[in-house]
Each structure stands twice: as C-alpha cells, then as structure tokens.
Amino acid sequence: MYKRERHITLNCLQVRQRIPDFTNYGLSGLEARAVVEHCHDCPECMDELKLVFLVNTCLEDSDDNDKRALAEANLEERFEEIAARINYINMINRNMMFFLLGASVFLFISMVIELLL
C-alpha cells in the first residue's frame, strides 16, 4: 500500500537545487516546508536564498540600498508566511490525529460495552 510521506529533510545541496523554484513558487508544499526548515537553521543556505531572490528581482547590480533592503524584507516576509502556513497545517494535522484517536477509542469502548451487554 502507498504510504504518503509527510516530512522530508534536505541537505544543503538539495536545498540549493530547489531555491530557484522556491523563489518562483514552484515547489510542492512538502518541498517548500523542507527548504524553509533547512534555511531556518543554515545561514549559508539562507544567504543563497537571499542572493537568488535578489537576482530574480533584478537588484544584484543596484546601488540603491533601500531597494535591496525592501527586497530582503519581502523575502523574509515570504519566508515567514510559508513558515506560518506550515505551522497551521501541522496544527490541523495534530488536531485531526487527536480527533481520530478519540473517535477510535470511543468506538473501541462502545464495542466492548456491546460485547459485555
């Protein structure tokens, strides 16, 4: 039976290969989550992400520090937005798991009571 993978861990090379797609919204939720989690803990990959984001917004040659700061702020905002979405999805998954566990326990107890009566 097919088992759905809910979490992946990426190394630096794998993250750097996915950064262009990440900045262009081209990753699946699972891959985006893995990139966010890795970059959160890896300053080198976060720097790479910032650089690619700046290149994609045509600011690599700009001498305008305000534009560069704005672009970095936009990247950080996008990063935080994705992290918030991931946290929300994790919360929903945890709540669903507890609901299903509770329903299973309830059904089990109901079946035991039926058998005893």
# chains A, B, ... in the order shown; residues from 1 in each chain; ligands from 1
call {"tool": "closest_atom_pairs", "arguments": {"of": "region 45-115 of chain A", "to": "region 19-35 of chain A", "cutoff": "7 Å", "atoms": "only C-alpha atoms", "output": "Markdown table"}}
result
| residue | atom | partner | partner_atom | distance |
| --- | --- | --- | --- | --- |
| A:Leu49 | CA | A:Ile19 | CA | 6.1 |
| A:Val52 | CA | A:Pro20 | CA | 6.7 |
| A:Phe53 | CA | A:Thr23 | CA | 6.2 |
| A:Ile86 | CA | A:Arg33 | CA | 6.5 |
call {"tool": "select_by_dssp", "arguments": {"residues": "chain A", "states": "alpha helix (DSSP H)", "output": "ChimeraX atom specification"}}
result
/A:12-23,29-41,43-56,65-116
call {"tool": "closest_residue", "arguments": {"among": "A:Cys12, A:Cys39, A:Asn95, A:His7", "to": "Phe79 (chain A)", "atoms": "only C-alpha atoms"}}
result
A:Cys39
call {"tool": "closest_residue", "arguments": {"among": "A:Val112, A:Leu54, A:Met91, A:Leu117", "to": "Ala73 (chain A)", "atoms": "only C-alpha atoms"}}
result
A:Leu54
call {"tool": "closest_residue", "arguments": {"among": "A:Leu75, A:Leu100, A:Val55, A:Ala83", "to": "His38 (chain A)", "atoms": "only C-alpha atoms"}}
result
A:Ala83
